[in-house]
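Contents: one structure, followed by commentary.
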Amino acid sequence: MRELLAHNMKERRHILNLSQYKLAERVGATTHYIGMIESRRKFPSPEMMERIAQGLEIDTPELFSMKSFPADTLKKYQKEVLDDIEEITEEVLEEKLEKLEKAKT
């Protein structure tokens, strides 16, 4: 999700010819915070996402659109998501099995 958001923010800023500074002014944030989002180190609150979308002159869901995402990056992203799902599923299953084993004894 962070990668999609960062990519779409940067792309839209470039289309509008906006610097991070100008976007930060539009949304009431610091350039540091915008930079942190675009470098995938921070994830904005729902309220800030709305302000960012307004500042970029788009609807909020467009911040997560895959339309302009490069195909190779999209495949990498899809693999990462599937890997995350698999890892979480394994963790949950292991926890459930441990609880079942403890319940048996």
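We name chains A, B, ... following the order of the structure tokens; residues begin at 1 in each chain, and ligands are numbered from 1 as shown.
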Please extract the residues of chain A with a backbone DSSP assignment of alpha helix (DSSP H) and present them as a ChimeraX atom specification. /A:2-15,20-27,31-38,46-55,71-104
Would you mind listing what lies within 12 Å of region 23-26 of chain A as a PDB file with all heavy atoms, in the first residue's frame, with only C-alpha atoms counted and same-chain residues fewer than 2 positions away left out?
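Below is the file that was written, result.pdb:
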```
ATOM      1  N   MET A   9       1.556   9.571  -5.490  1.00  0.00           N
ATOM      2  CA  MET A   9       1.778  10.951  -5.045  1.00  0.00           C
ATOM      3  C   MET A   9       2.857  11.618  -5.882  1.00  0.00           C
ATOM      4  O   MET A   9       2.674  12.739  -6.372  1.00  0.00           O
ATOM      5  CB  MET A   9       2.192  10.985  -3.563  1.00  0.00           C
ATOM      6  CG  MET A   9       1.040  10.839  -2.599  1.00  0.00           C
ATOM      7  SD  MET A   9       1.591  10.834  -0.869  1.00  0.00           S
ATOM      8  CE  MET A   9       2.290  12.492  -0.702  1.00  0.00           C
ATOM      9  N   LYS A  10       3.985  10.929  -6.067  1.00  0.00           N
ATOM     10  CA  LYS A  10       5.092  11.502  -6.845  1.00  0.00           C
ATOM     11  C   LYS A  10       4.651  11.770  -8.280  1.00  0.00           C
ATOM     12  O   LYS A  10       4.918  12.839  -8.833  1.00  0.00           O
ATOM     13  CB  LYS A  10       6.288  10.549  -6.851  1.00  0.00           C
ATOM     14  CG  LYS A  10       7.019  10.466  -5.545  1.00  0.00           C
ATOM     15  CD  LYS A  10       8.157   9.471  -5.683  1.00  0.00           C
ATOM     16  CE  LYS A  10       8.596   8.959  -4.339  1.00  0.00           C
ATOM     17  NZ  LYS A  10       9.606   7.902  -4.464  1.00  0.00           N
ATOM     18  N   ARG A  12       1.643  12.207  -9.521  1.00  0.00           N
ATOM     19  CA  ARG A  12       0.668  13.295  -9.621  1.00  0.00           C
ATOM     20  C   ARG A  12       1.324  14.653  -9.366  1.00  0.00           C
ATOM     21  O   ARG A  12       1.015  15.644 -10.027  1.00  0.00           O
ATOM     22  CB  ARG A  12      -0.487  13.050  -8.639  1.00  0.00           C
ATOM     23  CG  ARG A  12      -1.614  14.015  -8.773  1.00  0.00           C
ATOM     24  CD  ARG A  12      -2.304  13.888 -10.105  1.00  0.00           C
ATOM     25  NE  ARG A  12      -3.314  14.930 -10.202  1.00  0.00           N
ATOM     26  CZ  ARG A  12      -3.930  15.268 -11.293  1.00  0.00           C
ATOM     27  NH1 ARG A  12      -3.694  14.632 -12.420  1.00  0.00           N
ATOM     28  NH2 ARG A  12      -4.820  16.232 -11.292  1.00  0.00           N
ATOM     29  N   ARG A  13       2.266  14.703  -8.415  1.00  0.00           N
ATOM     30  CA  ARG A  13       2.998  15.952  -8.168  1.00  0.00           C
ATOM     31  C   ARG A  13       3.727  16.404  -9.424  1.00  0.00           C
ATOM     32  O   ARG A  13       3.716  17.579  -9.765  1.00  0.00           O
ATOM     33  CB  ARG A  13       4.022  15.770  -7.040  1.00  0.00           C
ATOM     34  CG  ARG A  13       3.563  16.137  -5.698  1.00  0.00           C
ATOM     35  CD  ARG A  13       4.647  16.270  -4.654  1.00  0.00           C
ATOM     36  NE  ARG A  13       5.760  15.345  -4.696  1.00  0.00           N
ATOM     37  CZ  ARG A  13       6.949  15.612  -5.239  1.00  0.00           C
ATOM     38  NH1 ARG A  13       7.193  16.765  -5.798  1.00  0.00           N
ATOM     39  NH2 ARG A  13       7.915  14.703  -5.201  1.00  0.00           N
ATOM     40  N   HIS A  14       4.348  15.448 -10.111  1.00  0.00           N
ATOM     41  CA  HIS A  14       5.085  15.793 -11.332  1.00  0.00           C
ATOM     42  C   HIS A  14       4.142  16.268 -12.431  1.00  0.00           C
ATOM     43  O   HIS A  14       4.467  17.212 -13.157  1.00  0.00           O
ATOM     44  CB  HIS A  14       5.942  14.618 -11.801  1.00  0.00           C
ATOM     45  CG  HIS A  14       7.067  14.301 -10.871  1.00  0.00           C
ATOM     46  ND1 HIS A  14       8.018  15.221 -10.489  1.00  0.00           N
ATOM     47  CD2 HIS A  14       7.389  13.162 -10.210  1.00  0.00           C
ATOM     48  CE1 HIS A  14       8.868  14.674  -9.657  1.00  0.00           C
ATOM     49  NE2 HIS A  14       8.509  13.420  -9.455  1.00  0.00           N
ATOM     50  N   LEU A  16       1.375  17.829 -12.010  1.00  0.00           N
ATOM     51  CA  LEU A  16       0.946  19.181 -11.636  1.00  0.00           C
ATOM     52  C   LEU A  16       2.121  20.150 -11.496  1.00  0.00           C
ATOM     53  O   LEU A  16       1.917  21.326 -11.184  1.00  0.00           O
ATOM     54  CB  LEU A  16       0.162  19.140 -10.314  1.00  0.00           C
ATOM     55  CG  LEU A  16      -1.151  18.367 -10.324  1.00  0.00           C
ATOM     56  CD1 LEU A  16      -1.728  18.293  -8.910  1.00  0.00           C
ATOM     57  CD2 LEU A  16      -2.149  19.006 -11.269  1.00  0.00           C
ATOM     58  N   ASN A  17       3.331  19.635 -11.689  1.00  0.00           N
ATOM     59  CA  ASN A  17       4.534  20.434 -11.530  1.00  0.00           C
ATOM     60  C   ASN A  17       4.614  21.046 -10.126  1.00  0.00           C
ATOM     61  O   ASN A  17       4.901  22.233  -9.962  1.00  0.00           O
ATOM     62  CB  ASN A  17       4.629  21.513 -12.614  1.00  0.00           C
ATOM     63  CG  ASN A  17       6.036  22.051 -12.761  1.00  0.00           C
ATOM     64  OD1 ASN A  17       7.005  21.350 -12.507  1.00  0.00           O
ATOM     65  ND2 ASN A  17       6.133  23.310 -13.169  1.00  0.00           N
ATOM     66  N   LEU A  18       4.342  20.201  -9.127  1.00  0.00           N
ATOM     67  CA  LEU A  18       4.378  20.633  -7.737  1.00  0.00           C
ATOM     68  C   LEU A  18       5.609  20.062  -7.042  1.00  0.00           C
ATOM     69  O   LEU A  18       5.914  18.880  -7.189  1.00  0.00           O
ATOM     70  CB  LEU A  18       3.162  20.112  -6.963  1.00  0.00           C
ATOM     71  CG  LEU A  18       1.809  20.739  -7.175  1.00  0.00           C
ATOM     72  CD1 LEU A  18       0.762  19.985  -6.362  1.00  0.00           C
ATOM     73  CD2 LEU A  18       1.831  22.195  -6.765  1.00  0.00           C
ATOM     74  N   SER A  19       6.269  20.875  -6.278  1.00  0.00           N
ATOM     75  CA  SER A  19       7.353  20.381  -5.431  1.00  0.00           C
ATOM     76  C   SER A  19       6.736  19.799  -4.157  1.00  0.00           C
ATOM     77  O   SER A  19       5.548  20.014  -3.872  1.00  0.00           O
ATOM     78  CB  SER A  19       8.293  21.521  -5.064  1.00  0.00           C
ATOM     79  OG  SER A  19       7.591  22.480  -4.269  1.00  0.00           O
ATOM     80  N   GLN A  20       7.546  19.086  -3.392  1.00  0.00           N
ATOM     81  CA  GLN A  20       7.063  18.617  -2.095  1.00  0.00           C
ATOM     82  C   GLN A  20       6.680  19.810  -1.218  1.00  0.00           C
ATOM     83  O   GLN A  20       5.698  19.748  -0.477  1.00  0.00           O
ATOM     84  CB  GLN A  20       8.131  17.773  -1.389  1.00  0.00           C
ATOM     85  CG  GLN A  20       8.315  16.404  -1.979  1.00  0.00           C
ATOM     86  CD  GLN A  20       9.331  15.578  -1.215  1.00  0.00           C
ATOM     87  OE1 GLN A  20      10.138  16.102  -0.432  1.00  0.00           O
ATOM     88  NE2 GLN A  20       9.311  14.279  -1.448  1.00  0.00           N
ATOM     89  N   TYR A  21       7.437  20.873  -1.334  1.00  0.00           N
ATOM     90  CA  TYR A  21       7.150  22.085  -0.562  1.00  0.00           C
ATOM     91  C   TYR A  21       5.760  22.633  -0.887  1.00  0.00           C
ATOM     92  O   TYR A  21       4.988  22.941   0.017  1.00  0.00           O
ATOM     93  CB  TYR A  21       8.229  23.144  -0.834  1.00  0.00           C
ATOM     94  CG  TYR A  21       7.972  24.448  -0.125  1.00  0.00           C
ATOM     95  CD1 TYR A  21       8.294  24.600   1.223  1.00  0.00           C
ATOM     96  CD2 TYR A  21       7.388  25.523  -0.798  1.00  0.00           C
ATOM     97  CE1 TYR A  21       8.047  25.800   1.887  1.00  0.00           C
ATOM     98  CE2 TYR A  21       7.144  26.721  -0.142  1.00  0.00           C
ATOM     99  CZ  TYR A  21       7.469  26.859   1.198  1.00  0.00           C
ATOM    100  OH  TYR A  21       7.213  28.035   1.855  1.00  0.00           O
ATOM    101  N   GLY A  28      -1.186  21.512   4.444  1.00  0.00           N
ATOM    102  CA  GLY A  28      -0.930  21.870   5.830  1.00  0.00           C
ATOM    103  C   GLY A  28      -0.015  20.881   6.529  1.00  0.00           C
ATOM    104  O   GLY A  28      -0.262  20.481   7.665  1.00  0.00           O
ATOM    105  N   ALA A  29       1.038  20.471   5.832  1.00  0.00           N
ATOM    106  CA  ALA A  29       2.010  19.535   6.395  1.00  0.00           C
ATOM    107  C   ALA A  29       3.408  20.088   6.150  1.00  0.00           C
ATOM    108  O   ALA A  29       3.572  21.123   5.516  1.00  0.00           O
ATOM    109  CB  ALA A  29       1.857  18.162   5.733  1.00  0.00           C
ATOM    110  N   THR A  30       4.400  19.386   6.647  1.00  0.00           N
ATOM    111  CA  THR A  30       5.781  19.786   6.396  1.00  0.00           C
ATOM    112  C   THR A  30       6.319  19.037   5.171  1.00  0.00           C
ATOM    113  O   THR A  30       5.808  17.967   4.818  1.00  0.00           O
ATOM    114  CB  THR A  30       6.688  19.460   7.601  1.00  0.00           C
ATOM    115  OG1 THR A  30       6.723  18.035   7.789  1.00  0.00           O
ATOM    116  CG2 THR A  30       6.187  20.140   8.877  1.00  0.00           C
ATOM    117  N   THR A  31       7.349  19.601   4.572  1.00  0.00           N
ATOM    118  CA  THR A  31       7.988  18.901   3.452  1.00  0.00           C
ATOM    119  C   THR A  31       8.606  17.592   3.942  1.00  0.00           C
ATOM    120  O   THR A  31       8.623  16.606   3.215  1.00  0.00           O
ATOM    121  CB  THR A  31       9.072  19.765   2.786  1.00  0.00           C
ATOM    122  OG1 THR A  31       9.992  20.209   3.769  1.00  0.00           O
ATOM    123  CG2 THR A  31       8.471  20.946   2.079  1.00  0.00           C
ATOM    124  N   HIS A  32       9.090  17.593   5.172  1.00  0.00           N
ATOM    125  CA  HIS A  32       9.662  16.374   5.745  1.00  0.00           C
ATOM    126  C   HIS A  32       8.612  15.256   5.787  1.00  0.00           C
ATOM    127  O   HIS A  32       8.895  14.118   5.406  1.00  0.00           O
ATOM    128  CB  HIS A  32      10.217  16.649   7.150  1.00  0.00           C
ATOM    129  CG  HIS A  32      10.754  15.440   7.835  1.00  0.00           C
ATOM    130  ND1 HIS A  32      11.954  14.859   7.482  1.00  0.00           N
ATOM    131  CD2 HIS A  32      10.242  14.693   8.844  1.00  0.00           C
ATOM    132  CE1 HIS A  32      12.156  13.804   8.246  1.00  0.00           C
ATOM    133  NE2 HIS A  32      11.140  13.687   9.078  1.00  0.00           N
ATOM    134  N   TYR A  33       7.404  15.602   6.219  1.00  0.00           N
ATOM    135  CA  TYR A  33       6.332  14.608   6.308  1.00  0.00           C
ATOM    136  C   TYR A  33       5.950  14.088   4.918  1.00  0.00           C
ATOM    137  O   TYR A  33       5.807  12.872   4.723  1.00  0.00           O
ATOM    138  CB  TYR A  33       5.115  15.200   7.021  1.00  0.00           C
ATOM    139  CG  TYR A  33       4.012  14.204   7.254  1.00  0.00           C
ATOM    140  CD1 TYR A  33       4.186  13.141   8.121  1.00  0.00           C
ATOM    141  CD2 TYR A  33       2.789  14.322   6.602  1.00  0.00           C
ATOM    142  CE1 TYR A  33       3.180  12.214   8.337  1.00  0.00           C
ATOM    143  CE2 TYR A  33       1.778  13.399   6.809  1.00  0.00           C
ATOM    144  CZ  TYR A  33       1.981  12.348   7.682  1.00  0.00           C
ATOM    145  OH  TYR A  33       0.984  11.431   7.882  1.00  0.00           O
ATOM    146  N   ILE A  34       5.826  14.978   3.950  1.00  0.00           N
ATOM    147  CA  ILE A  34       5.515  14.558   2.574  1.00  0.00           C
ATOM    148  C   ILE A  34       6.625  13.639   2.068  1.00  0.00           C
ATOM    149  O   ILE A  34       6.356  12.597   1.462  1.00  0.00           O
ATOM    150  CB  ILE A  34       5.327  15.772   1.638  1.00  0.00           C
ATOM    151  CG1 ILE A  34       4.138  16.645   2.087  1.00  0.00           C
ATOM    152  CG2 ILE A  34       5.179  15.324   0.181  1.00  0.00           C
ATOM    153  CD1 ILE A  34       2.788  15.960   2.060  1.00  0.00           C
ATOM    154  N   GLY A  35       7.862  14.003   2.323  1.00  0.00           N
ATOM    155  CA  GLY A  35       9.000  13.178   1.923  1.00  0.00           C
ATOM    156  C   GLY A  35       8.980  11.809   2.581  1.00  0.00           C
ATOM    157  O   GLY A  35       9.314  10.797   1.948  1.00  0.00           O
ATOM    158  N   MET A  36       8.584  11.765   3.845  1.00  0.00           N
ATOM    159  CA  MET A  36       8.507  10.486   4.564  1.00  0.00           C
ATOM    160  C   MET A  36       7.432   9.585   3.954  1.00  0.00           C
ATOM    161  O   MET A  36       7.621   8.373   3.847  1.00  0.00           O
ATOM    162  CB  MET A  36       8.232  10.720   6.056  1.00  0.00           C
ATOM    163  CG  MET A  36       9.366  11.419   6.783  1.00  0.00           C
ATOM    164  SD  MET A  36      10.849  10.426   6.928  1.00  0.00           S
ATOM    165  CE  MET A  36      10.400   9.392   8.297  1.00  0.00           C
ATOM    166  N   ILE A  37       6.312  10.162   3.556  1.00  0.00           N
ATOM    167  CA  ILE A  37       5.256   9.379   2.910  1.00  0.00           C
ATOM    168  C   ILE A  37       5.761   8.865   1.561  1.00  0.00           C
ATOM    169  O   ILE A  37       5.610   7.687   1.239  1.00  0.00           O
ATOM    170  CB  ILE A  37       3.967  10.205   2.719  1.00  0.00           C
ATOM    171  CG1 ILE A  37       3.366  10.599   4.064  1.00  0.00           C
ATOM    172  CG2 ILE A  37       2.945   9.417   1.895  1.00  0.00           C
ATOM    173  CD1 ILE A  37       2.249  11.622   3.974  1.00  0.00           C
ATOM    174  N   GLU A  38       6.385   9.755   0.790  1.00  0.00           N
ATOM    175  CA  GLU A  38       6.850   9.379  -0.542  1.00  0.00           C
ATOM    176  C   GLU A  38       8.018   8.396  -0.501  1.00  0.00           C
ATOM    177  O   GLU A  38       8.281   7.704  -1.474  1.00  0.00           O
ATOM    178  CB  GLU A  38       7.209  10.620  -1.357  1.00  0.00           C
ATOM    179  CG  GLU A  38       5.986  11.406  -1.766  1.00  0.00           C
ATOM    180  CD  GLU A  38       6.289  12.550  -2.715  1.00  0.00           C
ATOM    181  OE1 GLU A  38       7.481  12.814  -3.004  1.00  0.00           O
ATOM    182  OE2 GLU A  38       5.325  13.189  -3.178  1.00  0.00           O
ATOM    183  N   MET A  48      -5.548  12.982   6.559  1.00  0.00           N
ATOM    184  CA  MET A  48      -4.436  13.532   5.783  1.00  0.00           C
ATOM    185  C   MET A  48      -4.488  13.024   4.341  1.00  0.00           C
ATOM    186  O   MET A  48      -4.172  13.765   3.409  1.00  0.00           O
ATOM    187  CB  MET A  48      -3.092  13.178   6.431  1.00  0.00           C
ATOM    188  CG  MET A  48      -1.886  13.707   5.659  1.00  0.00           C
ATOM    189  SD  MET A  48      -1.895  15.503   5.359  1.00  0.00           S
ATOM    190  CE  MET A  48      -1.386  16.120   6.949  1.00  0.00           C
ATOM    191  N   GLU A  50      -7.123  12.477   2.628  1.00  0.00           N
ATOM    192  CA  GLU A  50      -8.115  13.327   1.955  1.00  0.00           C
ATOM    193  C   GLU A  50      -7.501  14.672   1.576  1.00  0.00           C
ATOM    194  O   GLU A  50      -7.713  15.176   0.469  1.00  0.00           O
ATOM    195  CB  GLU A  50      -9.331  13.529   2.844  1.00  0.00           C
ATOM    196  CG  GLU A  50     -10.222  12.308   2.953  1.00  0.00           C
ATOM    197  CD  GLU A  50     -11.433  12.550   3.837  1.00  0.00           C
ATOM    198  OE1 GLU A  50     -11.872  13.706   3.966  1.00  0.00           O
ATOM    199  OE2 GLU A  50     -11.946  11.566   4.398  1.00  0.00           O
ATOM    200  N   ARG A  51      -6.732  15.243   2.495  1.00  0.00           N
ATOM    201  CA  ARG A  51      -6.097  16.533   2.209  1.00  0.00           C
ATOM    202  C   ARG A  51      -5.056  16.403   1.100  1.00  0.00           C
ATOM    203  O   ARG A  51      -4.944  17.284   0.243  1.00  0.00           O
ATOM    204  CB  ARG A  51      -5.476  17.100   3.492  1.00  0.00           C
ATOM    205  CG  ARG A  51      -6.562  17.495   4.471  1.00  0.00           C
ATOM    206  CD  ARG A  51      -6.161  18.097   5.784  1.00  0.00           C
ATOM    207  NE  ARG A  51      -4.801  18.398   6.078  1.00  0.00           N
ATOM    208  CZ  ARG A  51      -4.263  18.273   7.294  1.00  0.00           C
ATOM    209  NH1 ARG A  51      -4.987  17.828   8.294  1.00  0.00           N
ATOM    210  NH2 ARG A  51      -3.014  18.601   7.511  1.00  0.00           N
ATOM    211  N   ILE A  52      -4.308  15.310   1.115  1.00  0.00           N
ATOM    212  CA  ILE A  52      -3.312  15.089   0.064  1.00  0.00           C
ATOM    213  C   ILE A  52      -4.012  14.955  -1.285  1.00  0.00           C
ATOM    214  O   ILE A  52      -3.594  15.552  -2.277  1.00  0.00           O
ATOM    215  CB  ILE A  52      -2.442  13.850   0.377  1.00  0.00           C
ATOM    216  CG1 ILE A  52      -1.532  14.141   1.571  1.00  0.00           C
ATOM    217  CG2 ILE A  52      -1.644  13.417  -0.851  1.00  0.00           C
ATOM    218  CD1 ILE A  52      -0.816  12.919   2.129  1.00  0.00           C
ATOM    219  N   ALA A  53      -5.086  14.169  -1.320  1.00  0.00           N
ATOM    220  CA  ALA A  53      -5.838  13.999  -2.577  1.00  0.00           C
ATOM    221  C   ALA A  53      -6.349  15.349  -3.074  1.00  0.00           C
ATOM    222  O   ALA A  53      -6.230  15.661  -4.265  1.00  0.00           O
ATOM    223  CB  ALA A  53      -6.989  13.014  -2.374  1.00  0.00           C
ATOM    224  N   GLN A  54      -6.898  16.153  -2.180  1.00  0.00           N
ATOM    225  CA  GLN A  54      -7.363  17.479  -2.579  1.00  0.00           C
ATOM    226  C   GLN A  54      -6.207  18.331  -3.097  1.00  0.00           C
ATOM    227  O   GLN A  54      -6.343  19.027  -4.108  1.00  0.00           O
ATOM    228  CB  GLN A  54      -8.044  18.183  -1.404  1.00  0.00           C
ATOM    229  CG  GLN A  54      -9.394  17.612  -1.059  1.00  0.00           C
ATOM    230  CD  GLN A  54      -9.987  18.234   0.207  1.00  0.00           C
ATOM    231  OE1 GLN A  54      -9.306  18.931   0.958  1.00  0.00           O
ATOM    232  NE2 GLN A  54     -11.263  17.958   0.440  1.00  0.00           N
ATOM    233  N   GLY A  55      -5.080  18.261  -2.412  1.00  0.00           N
ATOM    234  CA  GLY A  55      -3.905  19.025  -2.837  1.00  0.00           C
ATOM    235  C   GLY A  55      -3.392  18.585  -4.201  1.00  0.00           C
ATOM    236  O   GLY A  55      -2.824  19.384  -4.942  1.00  0.00           O
ATOM    237  N   LEU A  56      -3.599  17.304  -4.513  1.00  0.00           N
ATOM    238  CA  LEU A  56      -3.170  16.771  -5.805  1.00  0.00           C
ATOM    239  C   LEU A  56      -4.285  16.815  -6.842  1.00  0.00           C
ATOM    240  O   LEU A  56      -4.118  16.323  -7.960  1.00  0.00           O
ATOM    241  CB  LEU A  56      -2.669  15.331  -5.632  1.00  0.00           C
ATOM    242  CG  LEU A  56      -1.395  15.171  -4.798  1.00  0.00           C
ATOM    243  CD1 LEU A  56      -1.107  13.702  -4.538  1.00  0.00           C
ATOM    244  CD2 LEU A  56      -0.214  15.843  -5.492  1.00  0.00           C
ATOM    245  N   GLU A  57      -5.433  17.378  -6.443  1.00  0.00           N
ATOM    246  CA  GLU A  57      -6.579  17.566  -7.340  1.00  0.00           C
ATOM    247  C   GLU A  57      -7.112  16.249  -7.907  1.00  0.00           C
ATOM    248  O   GLU A  57      -7.418  16.124  -9.093  1.00  0.00           O
ATOM    249  CB  GLU A  57      -6.212  18.534  -8.478  1.00  0.00           C
ATOM    250  CG  GLU A  57      -5.767  19.888  -7.971  1.00  0.00           C
ATOM    251  CD  GLU A  57      -5.205  20.794  -9.059  1.00  0.00           C
ATOM    252  OE1 GLU A  57      -5.376  20.499 -10.249  1.00  0.00           O
ATOM    253  OE2 GLU A  57      -4.578  21.814  -8.681  1.00  0.00           O
TER     254      GLU A  57
END
```
Suppose you want the space between CA of Pro70 (chain A) and CA of Met1 (chain A); what is it in Å? 14.8 Å
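Going from CA of Glu94 (chain A) to CA of Leu82 (chain A) covers 18.2 Å.
Excluding Asn8 (chain A) itself and same-chain residues fewer than 5 positions from it, the residues having an atom within 8 Å of it are Glu62, Leu63, Phe64, Ser65, Ser68 and Phe69 of chain A, counting only C-alpha atoms.
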Excluding region 75-80 of chain A and any residue of its chain fewer than 6 positions from it, enumerate the residues within 12 Å of it, using only C-alpha atoms, and give them as a ChimeraX atom specification. /A:1-4,7,66,69,86-87
